[in-house]
file query_25.txt (compact mmCIF, C-alpha atoms)
# COMPACT_ATOMS: atom_id res chain seq x y z
CA SER A 1 -13.51 -15.82 13.87
CA ALA A 2 -10.99 -16.06 11.01
CA VAL A 3 -7.35 -17.00 11.56
CA ILE A 4 -5.12 -14.25 10.19
CA SER A 5 -1.38 -14.45 9.59
CA GLN A 6 1.07 -11.77 8.54
CA LYS A 7 4.55 -11.96 7.05
CA PRO A 8 7.07 -10.85 8.05
CA SER A 9 6.39 -10.59 11.77
CA ARG A 10 9.13 -7.98 12.06
CA ASP A 11 11.83 -6.36 9.96
CA ILE A 12 14.57 -3.78 10.14
CA CYS A 13 15.01 -1.81 6.94
CA GLN A 14 17.20 0.94 5.57
CA ARG A 15 15.71 4.28 4.62
CA GLY A 16 14.81 4.65 0.98
CA THR A 17 13.94 0.98 0.54
CA SER A 18 10.50 -0.66 0.33
CA LEU A 19 8.90 -3.51 2.26
CA THR A 20 5.92 -5.62 1.25
CA ILE A 21 3.79 -7.08 4.04
CA GLN A 22 1.53 -10.05 3.39
CA CYS A 23 -1.78 -10.85 5.06
CA GLN A 24 -3.34 -14.30 4.69
CA VAL A 25 -6.75 -15.37 6.01
CA ASP A 26 -7.89 -18.96 6.42
CA SER A 27 -11.33 -18.28 4.92
CA GLN A 28 -12.85 -15.98 2.33
CA VAL A 29 -13.70 -12.57 3.74
CA THR A 30 -15.48 -9.64 2.19
CA MET A 31 -13.47 -6.81 3.66
CA MET A 32 -9.80 -6.45 4.51
CA PHE A 33 -8.21 -3.40 6.09
CA TRP A 34 -4.72 -2.12 6.78
CA TYR A 35 -3.88 -0.13 9.92
CA ARG A 36 -0.81 1.60 11.26
CA GLN A 37 0.02 1.74 14.95
CA GLN A 38 2.85 4.09 15.78
CA PRO A 39 4.85 3.37 18.96
CA GLY A 40 2.65 3.74 22.04
CA GLN A 41 -0.26 5.02 19.97
CA SER A 42 -3.69 3.91 18.87
CA LEU A 43 -4.65 2.37 15.52
CA THR A 44 -5.08 4.47 12.39
CA LEU A 45 -6.80 3.12 9.30
CA ILE A 46 -4.61 3.35 6.19
CA ALA A 47 -6.96 1.89 3.61
CA THR A 48 -9.62 -0.66 2.76
CA ALA A 49 -8.34 -3.38 0.43
CA ASN A 50 -10.97 -4.08 -2.21
CA GLN A 51 -10.92 -7.35 -4.11
CA GLY A 52 -10.65 -6.73 -7.83
CA SER A 53 -10.40 -2.95 -7.62
CA GLU A 54 -8.19 -0.21 -6.27
CA ALA A 55 -7.91 0.24 -2.51
CA THR A 56 -9.78 3.04 -0.77
CA TYR A 57 -7.33 5.26 1.13
CA GLU A 58 -8.00 7.37 4.20
CA SER A 59 -7.07 11.00 4.43
CA GLY A 60 -3.32 11.40 4.81
CA PHE A 61 -2.43 8.14 3.07
CA VAL A 62 -1.67 7.85 -0.66
CA ILE A 63 -1.29 4.98 -3.08
CA ASP A 64 2.23 5.93 -4.12
CA LYS A 65 3.45 5.54 -0.55
CA PHE A 66 1.29 2.56 0.47
CA PRO A 67 0.35 0.52 -2.59
CA ILE A 68 -2.06 -2.31 -1.76
CA SER A 69 -3.01 -5.44 -3.65
CA ARG A 70 -5.96 -7.77 -3.07
CA PRO A 71 -5.89 -10.50 -5.70
CA ASN A 72 -8.50 -12.71 -4.01
CA LEU A 73 -10.76 -13.00 -0.96
CA THR A 74 -8.11 -14.50 1.33
CA PHE A 75 -4.94 -12.48 0.64
CA SER A 76 -3.68 -8.90 0.56
CA THR A 77 -0.36 -7.09 0.54
CA LEU A 78 0.67 -3.65 1.76
CA THR A 79 3.91 -2.10 0.53
CA VAL A 80 5.60 0.67 2.48
CA SER A 81 7.58 2.56 -0.16
CA ASN A 82 10.66 4.77 0.04
CA MET A 83 10.77 4.30 3.79
CA SER A 84 11.95 6.84 6.33
CA PRO A 85 12.38 6.47 10.12
CA GLU A 86 8.91 8.02 10.55
CA ASP A 87 7.46 4.87 8.98
CA SER A 88 8.63 2.80 11.94
CA SER A 89 5.38 1.35 13.24
CA ILE A 90 3.34 -1.78 13.66
CA TYR A 91 1.30 -2.52 10.53
CA LEU A 92 -1.85 -4.57 11.09
CA CYS A 93 -4.30 -6.15 8.73
CA SER A 94 -7.86 -6.85 9.81
CA VAL A 95 -10.81 -8.62 8.26
CA GLY A 96 -14.54 -8.21 8.54
CA ALA A 97 -17.83 -8.48 6.73
CA PRO A 98 -20.78 -6.12 6.38
CA GLY A 99 -22.69 -6.32 9.63
CA ASP A 100 -19.85 -8.03 11.48
CA THR A 101 -16.92 -6.99 13.59
CA GLN A 102 -13.26 -6.77 12.63
CA TYR A 103 -10.57 -9.21 13.67
CA PHE A 104 -6.88 -8.37 13.60
CA GLY A 105 -3.75 -10.16 12.55
CA PRO A 106 -0.67 -10.32 14.80
CA GLY A 107 0.98 -7.32 13.14
CA THR A 108 4.30 -6.58 11.42
CA ARG A 109 6.80 -4.60 13.46
CA LEU A 110 8.82 -2.36 11.17
CA THR A 111 11.91 -0.43 12.16
CA VAL A 112 13.47 1.94 9.63
CA LEU A 113 17.05 3.03 10.22
CA GLY B 114 -15.45 13.74 11.95
CA GLU B 115 -16.04 10.92 14.37
CA ASN B 116 -13.95 11.05 17.52
CA VAL B 117 -13.61 8.63 20.41
CA GLU B 118 -12.05 9.80 23.66
CA GLN B 119 -10.78 7.27 26.20
CA HIS B 120 -9.81 7.68 29.85
CA PRO B 121 -7.65 7.05 31.74
CA SER B 122 -4.51 6.59 29.65
CA THR B 123 -2.94 4.46 32.39
CA LEU B 124 -4.56 2.54 35.21
CA SER B 125 -2.97 0.52 38.00
CA VAL B 126 -5.13 -1.63 40.26
CA GLN B 127 -4.50 -4.19 42.97
CA GLU B 128 -5.05 -7.78 41.94
CA GLY B 129 -8.61 -8.75 42.80
CA ASP B 130 -9.95 -5.20 42.57
CA SER B 131 -12.08 -3.83 39.73
CA ALA B 132 -10.97 -1.70 36.79
CA VAL B 133 -13.12 0.73 34.84
CA ILE B 134 -12.25 2.35 31.53
CA LYS B 135 -14.50 5.04 30.06
CA CYS B 136 -15.05 6.29 26.52
CA THR B 137 -17.15 8.94 24.84
CA TYR B 138 -18.01 9.21 21.16
CA SER B 139 -19.08 12.10 19.00
CA ASP B 140 -21.06 10.53 16.11
CA SER B 141 -24.63 10.01 17.25
CA ALA B 142 -25.08 7.55 14.34
CA SER B 143 -22.56 5.13 15.87
CA ASN B 144 -24.32 1.94 16.85
CA TYR B 145 -21.57 -0.62 17.47
CA PHE B 146 -18.95 -0.46 20.20
CA PRO B 147 -16.22 -3.14 20.38
CA TRP B 148 -13.47 -3.39 22.98
CA TYR B 149 -10.05 -4.78 22.12
CA LYS B 150 -7.24 -6.02 24.34
CA GLN B 151 -3.68 -5.78 23.03
CA GLU B 152 -0.94 -7.67 24.79
CA LEU B 153 2.70 -6.83 24.22
CA GLY B 154 3.87 -7.95 20.80
CA LYS B 155 0.42 -9.06 19.63
CA GLY B 156 -2.43 -7.73 17.56
CA PRO B 157 -5.62 -6.40 19.17
CA GLN B 158 -8.05 -9.09 20.29
CA LEU B 159 -11.78 -8.51 20.52
CA ILE B 160 -12.92 -9.15 24.10
CA ILE B 161 -16.49 -7.86 24.12
CA ASP B 162 -18.79 -5.70 22.07
CA ILE B 163 -22.16 -4.01 22.47
CA ARG B 164 -24.75 -2.71 20.06
CA SER B 165 -26.85 0.38 20.56
CA ASN B 166 -30.07 -1.50 21.24
CA VAL B 167 -28.54 -2.91 24.44
CA GLY B 168 -27.61 -1.00 27.58
CA GLU B 169 -25.34 -3.59 29.19
CA LYS B 170 -23.59 -6.82 28.29
CA LYS B 171 -21.62 -9.17 30.51
CA ASP B 172 -19.21 -12.00 29.81
CA GLN B 173 -17.79 -13.60 32.97
CA ARG B 174 -15.55 -10.94 34.61
CA ILE B 175 -16.00 -8.41 31.84
CA ALA B 176 -18.97 -6.11 31.34
CA VAL B 177 -19.70 -3.17 29.08
CA THR B 178 -22.32 -0.47 29.62
CA LEU B 179 -23.66 2.00 27.09
CA ASN B 180 -25.44 5.32 27.63
CA LYS B 181 -26.65 6.43 24.21
CA THR B 182 -28.07 9.71 25.45
CA ALA B 183 -24.78 10.81 26.95
CA LYS B 184 -22.74 9.02 24.26
CA HIS B 185 -20.71 7.22 26.91
CA PHE B 186 -19.66 3.60 27.15
CA SER B 187 -17.51 1.84 29.72
CA LEU B 188 -15.59 -1.39 30.26
CA HIS B 189 -15.69 -3.00 33.69
CA ILE B 190 -13.30 -5.77 34.70
CA THR B 191 -13.98 -7.39 38.07
CA GLU B 192 -11.69 -9.60 40.17
CA THR B 193 -8.67 -8.51 38.13
CA GLN B 194 -5.86 -10.99 37.52
CA PRO B 195 -2.25 -10.54 36.36
CA GLU B 196 -3.19 -11.72 32.86
CA ASP B 197 -5.52 -8.74 32.54
CA SER B 198 -2.46 -6.49 32.23
CA ALA B 199 -2.53 -5.11 28.68
CA VAL B 200 -3.55 -2.10 26.61
CA TYR B 201 -7.30 -1.80 26.10
CA PHE B 202 -8.90 0.09 23.21
CA CYS B 203 -12.50 1.15 22.91
CA ALA B 204 -13.93 1.80 19.47
CA ALA B 205 -17.07 2.98 17.74
CA SER B 206 -18.53 2.41 14.30
CA ARG B 207 -21.72 2.17 12.33
CA TYR B 208 -22.48 -1.51 12.48
CA SER B 209 -24.14 -1.74 9.11
CA SER B 210 -20.94 -0.94 7.24
CA ALA B 211 -18.36 -2.78 9.38
CA SER B 212 -15.86 -0.20 8.19
CA LYS B 213 -14.03 2.75 9.64
CA ILE B 214 -13.89 1.62 13.20
CA ILE B 215 -12.68 4.65 15.14
CA PHE B 216 -10.43 3.74 18.03
CA GLY B 217 -9.87 5.46 21.33
CA SER B 218 -6.35 6.33 22.41
CA GLY B 219 -5.94 3.27 24.62
CA THR B 220 -5.59 2.51 28.33
CA ARG B 221 -2.56 0.73 29.70
CA LEU B 222 -3.85 -1.43 32.56
CA SER B 223 -1.39 -2.81 35.09
CA ILE B 224 -2.41 -5.29 37.77
CA ARG B 225 -0.32 -5.08 40.97
CA PRO B 226 0.26 -8.43 42.73

call {"tool": "encode", "arguments": {"input": "query_25.txt", "output": "structure tokens"}}
result
Amino acid sequence: SAVISQKPSRDICQRGTSLTIQCQVDSQVTMMFWYRQQPGQSLTLIATANQGSEATYESGFVIDKFPISRPNLTFSTLTVSNMSPEDSSIYLCSVGAPGDTQYFGPGTRLTVL
Amino acid sequence: GENVEQHPSTLSVQEGDSAVIKCTYSDSASNYFPWYKQELGKGPQLIIDIRSNVGEKKDQRIAVTLNKTAKHFSLHITETQPEDSAVYFCAASRYSSASKIIFGSGTRLSIRP
């Protein structure tokens, strides 16, 4: 399986500001995903990060709030914009390939004050 | 849409005893069922998976069973050890796309010494 790293591992931010989370994979992967895990909850898919094109967002998530970049097959960023305390969550990237399973990064723990 | 229900939400077992976690899914087209273990402060880790052409799969102390007719699948952990304490998530997806894995709500497993 791929080795996935995320930066930062955690952060405390003020409301109204934005945070960009980075996801780096040690090998080229076809598909990258971003999930949100609210405290004590399960994982919810935010979007699929597509290399060379706009991300595909799930219902309830919009590009203005969660802009995503995927400049190549090993890297992606997720920005949480204009943050509020309700955005306090763990944000996880995962990678996979058609016909294969998904593997997760260690997560970014975000607290918004 | 696709829904995955998971029970119980919490489970406490004596060290050395067995633990069973059960899930049901709604999309009859689902054909891939991974199980993830999430330890405190870490991302989910794949521990075992099963595809719809198989009824049971075992890996040392961990086994998964699948009943396609009833749309049920279960995780069995035998001879539990303290390091088995974690949150476990079942999930379902259509294997051919490797996208939109739908997660259950999670089971917090505690092993009593």

call {"tool": "closest_residue", "arguments": {"input": "query_25.txt", "among": "B:Ser143, B:Pro195, B:Arg164, B:Asp130", "to": "Lys213 of chain B", "atoms": "all atoms listed in the file"}}
result
B:Ser143

call {"tool": "atom_distance", "arguments": {"input": "query_25.txt", "atom1": "atom CA of Phe202 of chain B", "atom2": "atom CA of His120 of chain B"}}
result
10.1 Å

call {"tool": "interface_residues", "arguments": {"input": "query_25.txt", "of": "chain A", "to": "chain B", "cutoff": "12 Å", "atoms": "all atoms listed in the file", "output": "mmCIF file with C-alpha atoms, keeping the file's coordinate frame"}}
result
data_model
loop_
_atom_site.group_PDB
_atom_site.id
_atom_site.type_symbol
_atom_site.label_atom_id
_atom_site.label_comp_id
_atom_site.auth_asym_id
_atom_site.auth_seq_id
_atom_site.Cartn_x
_atom_site.Cartn_y
_atom_site.Cartn_z
ATOM 1 C CA SER A 1 -13.510 -15.820 13.870
ATOM 2 C CA ALA A 2 -10.990 -16.060 11.010
ATOM 3 C CA VAL A 3 -7.350 -17.000 11.560
ATOM 4 C CA ILE A 4 -5.120 -14.250 10.190
ATOM 5 C CA SER A 5 -1.380 -14.450 9.590
ATOM 6 C CA GLN A 6 1.070 -11.770 8.540
ATOM 7 C CA SER A 9 6.390 -10.590 11.770
ATOM 8 C CA ARG A 10 9.130 -7.980 12.060
ATOM 9 C CA THR A 30 -15.480 -9.640 2.190
ATOM 10 C CA MET A 31 -13.470 -6.810 3.660
ATOM 11 C CA MET A 32 -9.800 -6.450 4.510
ATOM 12 C CA PHE A 33 -8.210 -3.400 6.090
ATOM 13 C CA TRP A 34 -4.720 -2.120 6.780
ATOM 14 C CA TYR A 35 -3.880 -0.130 9.920
ATOM 15 C CA ARG A 36 -0.810 1.600 11.260
ATOM 16 C CA GLN A 37 0.020 1.740 14.950
ATOM 17 C CA GLN A 38 2.850 4.090 15.780
ATOM 18 C CA PRO A 39 4.850 3.370 18.960
ATOM 19 C CA GLY A 40 2.650 3.740 22.040
ATOM 20 C CA GLN A 41 -0.260 5.020 19.970
ATOM 21 C CA SER A 42 -3.690 3.910 18.870
ATOM 22 C CA LEU A 43 -4.650 2.370 15.520
ATOM 23 C CA THR A 44 -5.080 4.470 12.390
ATOM 24 C CA LEU A 45 -6.800 3.120 9.300
ATOM 25 C CA ILE A 46 -4.610 3.350 6.190
ATOM 26 C CA ALA A 47 -6.960 1.890 3.610
ATOM 27 C CA THR A 48 -9.620 -0.660 2.760
ATOM 28 C CA ALA A 49 -8.340 -3.380 0.430
ATOM 29 C CA THR A 56 -9.780 3.040 -0.770
ATOM 30 C CA TYR A 57 -7.330 5.260 1.130
ATOM 31 C CA GLU A 58 -8.000 7.370 4.200
ATOM 32 C CA SER A 59 -7.070 11.000 4.430
ATOM 33 C CA ILE A 90 3.340 -1.780 13.660
ATOM 34 C CA TYR A 91 1.300 -2.520 10.530
ATOM 35 C CA LEU A 92 -1.850 -4.570 11.090
ATOM 36 C CA CYS A 93 -4.300 -6.150 8.730
ATOM 37 C CA SER A 94 -7.860 -6.850 9.810
ATOM 38 C CA VAL A 95 -10.810 -8.620 8.260
ATOM 39 C CA GLY A 96 -14.540 -8.210 8.540
ATOM 40 C CA ALA A 97 -17.830 -8.480 6.730
ATOM 41 C CA PRO A 98 -20.780 -6.120 6.380
ATOM 42 C CA GLY A 99 -22.690 -6.320 9.630
ATOM 43 C CA ASP A 100 -19.850 -8.030 11.480
ATOM 44 C CA THR A 101 -16.920 -6.990 13.590
ATOM 45 C CA GLN A 102 -13.260 -6.770 12.630
ATOM 46 C CA TYR A 103 -10.570 -9.210 13.670
ATOM 47 C CA PHE A 104 -6.880 -8.370 13.600
ATOM 48 C CA GLY A 105 -3.750 -10.160 12.550
ATOM 49 C CA PRO A 106 -0.670 -10.320 14.800
ATOM 50 C CA GLY A 107 0.980 -7.320 13.140
ATOM 51 C CA THR A 108 4.300 -6.580 11.420
ATOM 52 C CA ARG A 109 6.800 -4.600 13.460
#

call {"tool": "residues_near_point", "arguments": {"input": "query_25.txt", "point": "(-12.8, -11.1, -0.3)", "cutoff": "8 Å", "atoms": "all atoms listed in the file", "output": "ChimeraX atom specification"}}
result
/A:28-32,50-51,72-74

call {"tool": "atom_distance", "arguments": {"input": "query_25.txt", "atom1": "atom CA of Ser69 of chain A", "atom2": "atom CA of Ile21 of chain A"}}
result
10.4 Å
